[in-house]
Amino acid sequence: MHDLLSKFDGFIAEHSGLLATGVRDPFGVVMERVLSPTRAIINGRDTMLVGTYNYMGMTFDPDVIAAGKQALEDYGAGSTGSRVLNGTFTPHLGVENALKEFYGTTSAIVFSTGYQANLGMVSTLAGKGDYIILDADSHASIYDGCKLSNAEVVRFRHNNVADLDKRLGRLPADAGKLVVLEGVYSMLGDIAPLQELVAVAKRHGAMVLVDEAHAMGFFGQHGRGVYEELGLEADVDFVVGTFSKSVGTVGGFAVSNHPKFEILRLLCNPYRFTASLPPAVAATAEASVRKLMVADEKRANLWAVSRALHGGLKAAGFQMATETPESAIIAVLLPDQISTVAMWHQLLEHGIYCNMSRPPATPAGIFLLRCSLSAAHTLDDVTEIVSRFVAARASLG
Ligand SMILES: Cc1ncc(COP(=O)(O)O)c(C=O)c1O
């Protein structure tokens, strides 16, 4: 028998070699208890969370929890079915209506995860004979959507307007084209020059999908994302998002004003061939989305702490992934895996949890300690985070 797992031997050796240096496993962290959106017990210790996607701090919102509890009582633990058969419950329509109001669109379709939303949208919109043109740093769910589609796939250099223009220019003028972009890129926390990218896409007759997973809630007047902030609502054809970040639960969605959008429900495999979200999750998502419509204070605080953390770490001599704070993801660059994991481990010992990110999740072979902040953090928390980064570095010598 050929052992199909033997192809992972190199990876197994690398991972065990890393753990043999005495560090904790950065991919095996357990939250033993969660105290708030910003604190949890990890390894028996009260730890500040600086590596969640709980941007708007909604996970412990009392109205969100109450809505979930009520729906759990009313509808039970799960839907046991697809949205197109027995899996559509009143809370699924409730959250789709809330999304339509939040985004000001005529349609909203909810998927079971953000991953499935990208998988489904990209693979269903672009079929045989069409082209998908995507940023090289796109999320894995976008790449997997490309694999699932029968379309031709063309990559352009990250955030490079001229390269997008050049590659679109080589494609047949009358072919169907979908340009896929992200508002905020999740590894470095940098934002896309959407005005220029979308203008180029439109000039070449392409439709545009923007994944605003890391921007929902705090970019744009209504928190719709970078495309709203840059005044592109009339030009972006499809917006994809997730409930697993600013909304504080789990699930994914796509919204659009396209008059034929609703037909996707009957054609999109990652929507129709999987069970729908538990109704209690849909109810928590609806409550959260409605509260995010009036979250100006949270939004302002998230920006204040993000700017303060970027400024504080930079002043302390850390090499930042972006010159200025562009989003709530504040990433620190490190030279290699050993030093990144050692620092990550020391931070945990100092009561700070952030993300350790490495290729293939990161672009261009880089290693990162990725902080992501929440509206529930305070400026005092930021002072504490910076001083613990400095102390962790000192303890590594
Ligand atoms: C840009 C982007 N899109 C989509 C997703 C998938 O979202 P979900 O966690 O809801 O599956 C992520 C998750 O990290 C992401 O970063």
# chains A, B, ... in the order shown; residues from 1 in each chain; ligands from 1

call {"tool": "residues_around", "arguments": {"residues": "region 224-238 of chain A", "least_positions_apart": "2", "cutoff": "7 Å", "atoms": "only C-alpha atoms", "output": "ChimeraX atom specification"}}
result
/A:103,183,194-195,207-210,212,215-217,219-222,240,254-256

call {"tool": "residues_near_ligand", "arguments": {"ligand": "ligand 1", "cutoff": "7 Å", "atoms": "only C-alpha atoms and all ligand atoms", "output": "list in words"}}
result
Thr113, Gly114, Tyr115, Gln116, Asn118, His139, Ser141, Glu182, Tyr185, Ser186, Asp211, Glu212, Ala213, His214, Gly241, Thr242, Phe243, Ser244, Val250, Gly251 and Gly252 of chain A

call {"tool": "write_last_selection", "arguments": {"atoms": "C-alpha atoms", "output": "PDB file, in the first residue's frame"}}
result
ATOM      1  CA  THR A 113     -19.327  30.112   6.506  1.00  0.00           C
ATOM      2  CA  GLY A 114     -17.458  32.955   4.812  1.00  0.00           C
ATOM      3  CA  TYR A 115     -15.252  30.319   3.224  1.00  0.00           C
ATOM      4  CA  GLN A 116     -18.310  28.788   1.555  1.00  0.00           C
ATOM      5  CA  ASN A 118     -16.395  32.800  -1.535  1.00  0.00           C
ATOM      6  CA  HIS A 139      -7.656  34.345   0.657  1.00  0.00           C
ATOM      7  CA  SER A 141     -11.406  30.470  -0.063  1.00  0.00           C
ATOM      8  CA  GLU A 182     -10.498  42.177  -1.010  1.00  0.00           C
ATOM      9  CA  TYR A 185      -5.936  41.918   3.098  1.00  0.00           C
ATOM     10  CA  SER A 186      -5.853  39.804   6.214  1.00  0.00           C
ATOM     11  CA  ASP A 211     -14.558  40.379  -0.136  1.00  0.00           C
ATOM     12  CA  GLU A 212     -14.988  42.808   2.766  1.00  0.00           C
ATOM     13  CA  ALA A 213     -14.474  40.188   5.522  1.00  0.00           C
ATOM     14  CA  HIS A 214     -11.954  42.317   7.435  1.00  0.00           C
ATOM     15  CA  GLY A 241     -18.645  38.958   3.939  1.00  0.00           C
ATOM     16  CA  THR A 242     -18.584  36.806   7.025  1.00  0.00           C
ATOM     17  CA  PHE A 243     -20.270  36.642  10.422  1.00  0.00           C
ATOM     18  CA  SER A 244     -17.077  35.235  11.977  1.00  0.00           C
ATOM     19  CA  VAL A 250     -20.201  32.219  12.354  1.00  0.00           C
ATOM     20  CA  GLY A 251     -21.605  32.232   8.814  1.00  0.00           C
ATOM     21  CA  GLY A 252     -20.982  33.939   5.502  1.00  0.00           C
TER      22      GLY A 252
END

call {"tool": "atom_distance", "arguments": {"atom1": "CA of Gly22 (chain A)", "atom2": "CA of Ile338 (chain A)"}}
result
11.1 Å

call {"tool": "closest_residue", "arguments": {"among": "A:His92, A:Lys7, A:Arg33, A:Lys177", "to": "Ala280 (chain A)", "atoms": "only C-alpha atoms"}}
result
A:His92

call {"tool": "select_by_dssp", "arguments": {"residues": "region 51-176 of chain A", "states": "alpha helix (DSSP H)", "output": "ChimeraX atom specification"}}
result
/A:62-75,90-103,114-125,140-148,161-169

call {"tool": "residues_around", "arguments": {"residues": "Cys354 (chain A)", "least_positions_apart": "2", "cutoff": "12 Å", "atoms": "only C-alpha atoms", "output": "mmCIF file with N, CA and C atoms, in the first residue's frame"}}
result
data_model
loop_
_atom_site.group_PDB
_atom_site.id
_atom_site.type_symbol
_atom_site.label_atom_id
_atom_site.label_comp_id
_atom_site.auth_asym_id
_atom_site.auth_seq_id
_atom_site.Cartn_x
_atom_site.Cartn_y
_atom_site.Cartn_z
ATOM 1 N N PRO A 26 1.982 26.951 18.190
ATOM 2 C CA PRO A 26 1.171 28.133 17.846
ATOM 3 C C PRO A 26 -0.140 27.771 17.159
ATOM 4 N N PHE A 27 -0.241 26.519 16.705
ATOM 5 C CA PHE A 27 -1.489 26.114 16.026
ATOM 6 C C PHE A 27 -2.351 25.230 16.923
ATOM 7 N N VAL A 29 -3.469 26.282 20.263
ATOM 8 C CA VAL A 29 -3.899 27.041 21.440
ATOM 9 C C VAL A 29 -5.342 26.687 21.817
ATOM 10 N N THR A 38 -11.913 40.516 25.009
ATOM 11 C CA THR A 38 -10.472 40.804 25.002
ATOM 12 C C THR A 38 -9.662 39.950 25.972
ATOM 13 N N ARG A 39 -10.303 39.053 26.725
ATOM 14 C CA ARG A 39 -9.536 38.245 27.686
ATOM 15 C C ARG A 39 -10.031 36.816 27.708
ATOM 16 N N THR A 47 -5.210 35.905 29.916
ATOM 17 C CA THR A 47 -4.428 36.350 28.756
ATOM 18 C C THR A 47 -5.196 37.409 27.974
ATOM 19 N N MET A 48 -4.472 38.440 27.542
ATOM 20 C CA MET A 48 -5.115 39.466 26.710
ATOM 21 C C MET A 48 -5.175 38.955 25.268
ATOM 22 N N LEU A 49 -6.361 39.021 24.675
ATOM 23 C CA LEU A 49 -6.550 38.531 23.300
ATOM 24 C C LEU A 49 -6.247 39.655 22.317
ATOM 25 N N VAL A 50 -5.199 39.464 21.548
ATOM 26 C CA VAL A 50 -4.819 40.463 20.541
ATOM 27 C C VAL A 50 -4.684 39.753 19.201
ATOM 28 N N GLY A 51 -5.463 38.675 19.042
ATOM 29 C CA GLY A 51 -5.365 37.926 17.791
ATOM 30 C C GLY A 51 -6.687 37.252 17.469
ATOM 31 N N THR A 52 -7.791 37.953 17.728
ATOM 32 C CA THR A 52 -9.096 37.423 17.302
ATOM 33 C C THR A 52 -9.594 38.345 16.189
ATOM 34 N N TYR A 53 -10.680 37.960 15.544
ATOM 35 C CA TYR A 53 -11.285 38.832 14.531
ATOM 36 C C TYR A 53 -12.570 39.456 15.075
ATOM 37 N N ILE A 329 -5.861 45.313 11.690
ATOM 38 C CA ILE A 329 -4.819 44.276 11.717
ATOM 39 C C ILE A 329 -3.474 44.995 11.744
ATOM 40 N N ILE A 330 -2.753 44.783 12.829
ATOM 41 C CA ILE A 330 -1.464 45.460 13.010
ATOM 42 C C ILE A 330 -0.418 44.352 13.073
ATOM 43 N N ALA A 331 0.342 44.207 11.985
ATOM 44 C CA ALA A 331 1.241 43.055 11.879
ATOM 45 C C ALA A 331 2.700 43.478 12.032
ATOM 46 N N VAL A 332 3.448 42.635 12.752
ATOM 47 C CA VAL A 332 4.877 42.867 12.976
ATOM 48 C C VAL A 332 5.656 41.840 12.153
ATOM 49 N N THR A 340 10.147 33.974 14.991
ATOM 50 C CA THR A 340 8.730 34.361 15.098
ATOM 51 C C THR A 340 8.039 33.514 16.169
ATOM 52 N N VAL A 341 8.282 32.201 16.122
ATOM 53 C CA VAL A 341 7.611 31.332 17.096
ATOM 54 C C VAL A 341 8.159 31.587 18.497
ATOM 55 N N MET A 343 9.249 34.411 19.707
ATOM 56 C CA MET A 343 8.631 35.657 20.195
ATOM 57 C C MET A 343 7.155 35.430 20.519
ATOM 58 N N TRP A 344 6.501 34.675 19.671
ATOM 59 C CA TRP A 344 5.076 34.374 19.897
ATOM 60 C C TRP A 344 4.913 33.662 21.257
ATOM 61 N N HIS A 345 5.812 32.691 21.502
ATOM 62 C CA HIS A 345 5.781 31.921 22.751
ATOM 63 C C HIS A 345 6.029 32.849 23.950
ATOM 64 N N GLN A 346 7.027 33.721 23.819
ATOM 65 C CA GLN A 346 7.334 34.654 24.915
ATOM 66 C C GLN A 346 6.159 35.576 25.194
ATOM 67 N N LEU A 347 5.482 36.009 24.133
ATOM 68 C CA LEU A 347 4.313 36.876 24.330
ATOM 69 C C LEU A 347 3.246 36.136 25.129
ATOM 70 N N LEU A 348 3.045 34.863 24.803
ATOM 71 C CA LEU A 348 2.049 34.076 25.539
ATOM 72 C C LEU A 348 2.465 33.968 27.007
ATOM 73 N N GLU A 349 3.753 33.766 27.231
ATOM 74 C CA GLU A 349 4.261 33.714 28.608
ATOM 75 C C GLU A 349 4.029 35.057 29.312
ATOM 76 N N HIS A 350 4.011 36.117 28.552
ATOM 77 C CA HIS A 350 3.760 37.452 29.121
ATOM 78 C C HIS A 350 2.274 37.816 29.093
ATOM 79 N N GLY A 351 1.427 36.829 28.828
ATOM 80 C CA GLY A 351 -0.019 37.071 28.907
ATOM 81 C C GLY A 351 -0.625 37.756 27.706
ATOM 82 N N ILE A 352 0.004 37.598 26.529
ATOM 83 C CA ILE A 352 -0.554 38.195 25.290
ATOM 84 C C ILE A 352 -0.731 37.090 24.259
ATOM 85 N N MET A 356 0.441 33.818 15.091
ATOM 86 C CA MET A 356 1.715 33.561 14.433
ATOM 87 C C MET A 356 1.338 33.183 12.999
ATOM 88 N N SER A 357 1.790 33.924 12.026
ATOM 89 C CA SER A 357 1.412 33.626 10.632
ATOM 90 C C SER A 357 2.639 33.346 9.791
ATOM 91 N N LEU A 368 5.060 36.566 10.378
ATOM 92 C CA LEU A 368 4.395 37.691 11.028
ATOM 93 C C LEU A 368 3.896 37.341 12.419
ATOM 94 N N LEU A 369 3.921 38.329 13.305
ATOM 95 C CA LEU A 369 3.117 38.271 14.521
ATOM 96 C C LEU A 369 1.982 39.236 14.248
ATOM 97 N N ARG A 370 0.805 38.678 14.161
ATOM 98 C CA ARG A 370 -0.302 39.482 13.674
ATOM 99 C C ARG A 370 -1.238 39.838 14.824
ATOM 100 N N CYS A 371 -1.330 41.119 15.130
ATOM 101 C CA CYS A 371 -2.263 41.579 16.159
ATOM 102 C C CYS A 371 -3.522 42.044 15.447
ATOM 103 N N SER A 372 -4.663 41.717 16.001
ATOM 104 C CA SER A 372 -5.889 42.318 15.490
ATOM 105 C C SER A 372 -6.665 42.788 16.700
ATOM 106 N N LEU A 373 -7.153 44.013 16.606
ATOM 107 C CA LEU A 373 -7.761 44.640 17.776
ATOM 108 C C LEU A 373 -9.278 44.587 17.717
ATOM 109 N N ILE A 385 -0.131 46.154 25.981
ATOM 110 C CA ILE A 385 0.317 45.264 24.892
ATOM 111 C C ILE A 385 1.732 45.658 24.467
ATOM 112 N N ARG A 388 4.340 44.732 26.994
ATOM 113 C CA ARG A 388 4.611 43.289 27.043
ATOM 114 C C ARG A 388 5.380 42.822 25.795
ATOM 115 N N PHE A 389 5.143 43.455 24.654
ATOM 116 C CA PHE A 389 5.958 43.144 23.469
ATOM 117 C C PHE A 389 7.431 43.456 23.775
#

call {"tool": "closest_residue", "arguments": {"among": "A:Gln70, A:Thr284, A:Gln337, A:Ser276", "to": "Thr249 (chain A)", "atoms": "only C-alpha atoms"}}
result
A:Thr284

call {"tool": "closest_residue", "arguments": {"among": "A:Ser395, A:Thr21, A:Ser82, A:Ser387", "to": "Leu309 (chain A)", "atoms": "only C-alpha atoms"}}
result
A:Ser387

call {"tool": "atom_distance", "arguments": {"atom1": "CA of Lys260 (chain A)", "atom2": "CA of Gly127 (chain A)"}}
result
16.2 Å

call {"tool": "closest_residue", "arguments": {"among": "A:Gly17, A:Pro335, A:Pro259, A:Gly94", "to": "Thr106 (chain A)", "atoms": "only C-alpha atoms"}}
result
A:Pro259

call {"tool": "residues_around", "arguments": {"residues": "region 86-88 of chain A", "least_positions_apart": "6", "cutoff": "10 Å", "atoms": "only C-alpha atoms", "output": "VMD selection string"}}
result
chain A and resid 78 to 80 272 274 to 279

call {"tool": "select_by_dssp", "arguments": {"residues": "region 119-210 of chain A", "states": "strand (DSSP E)", "output": "JSON, numbers by chain"}}
result
{"A": [131, 132, 133, 134, 135, 152, 153, 154, 155, 156, 177, 178, 179, 180, 181, 182, 207, 208, 209, 210]}

call {"tool": "atom_distance", "arguments": {"atom1": "CA of Val34 (chain A)", "atom2": "CA of Met320 (chain A)"}}
result
28.8 Å

call {"tool": "residues_around", "arguments": {"residues": "Gly365 (chain A)", "least_positions_apart": "6", "cutoff": "12 Å", "atoms": "only C-alpha atoms", "output": "list of chain:residue names"}}
result
A:Asp137, A:Met187, A:Leu333, A:Leu334, A:Pro335, A:Asp336, A:Gln337, A:Ser357, A:Arg358, A:Pro359

call {"tool": "write_last_selection", "arguments": {"atoms": "C-alpha atoms", "output": "PDB file, in the first residue's frame"}}
result
ATOM      1  CA  ASP A 137      -2.631  37.559  -2.181  1.00  0.00           C
ATOM      2  CA  MET A 187      -2.159  39.052   6.575  1.00  0.00           C
ATOM      3  CA  LEU A 333       7.447  41.413  10.546  1.00  0.00           C
ATOM      4  CA  LEU A 334      10.034  38.906  11.786  1.00  0.00           C
ATOM      5  CA  PRO A 335      12.932  37.393   9.867  1.00  0.00           C
ATOM      6  CA  ASP A 336      12.217  33.642  10.107  1.00  0.00           C
ATOM      7  CA  GLN A 337      10.058  30.930  11.606  1.00  0.00           C
ATOM      8  CA  SER A 357       1.412  33.626  10.632  1.00  0.00           C
ATOM      9  CA  ARG A 358       3.666  31.899   8.138  1.00  0.00           C
ATOM     10  CA  PRO A 359       3.620  30.784   4.524  1.00  0.00           C
TER      11      PRO A 359
END

call {"tool": "closest_residue", "arguments": {"among": "A:Glu32, A:Asp174, A:Glu262, A:Glu323", "to": "Ala206 (chain A)", "atoms": "only C-alpha atoms"}}
result
A:Asp174

call {"tool": "closest_residue", "arguments": {"among": "A:Val110, A:Ala162, A:Ala67, A:Ala136", "to": "Val180 (chain A)", "atoms": "only C-alpha atoms"}}
result
A:Ala136
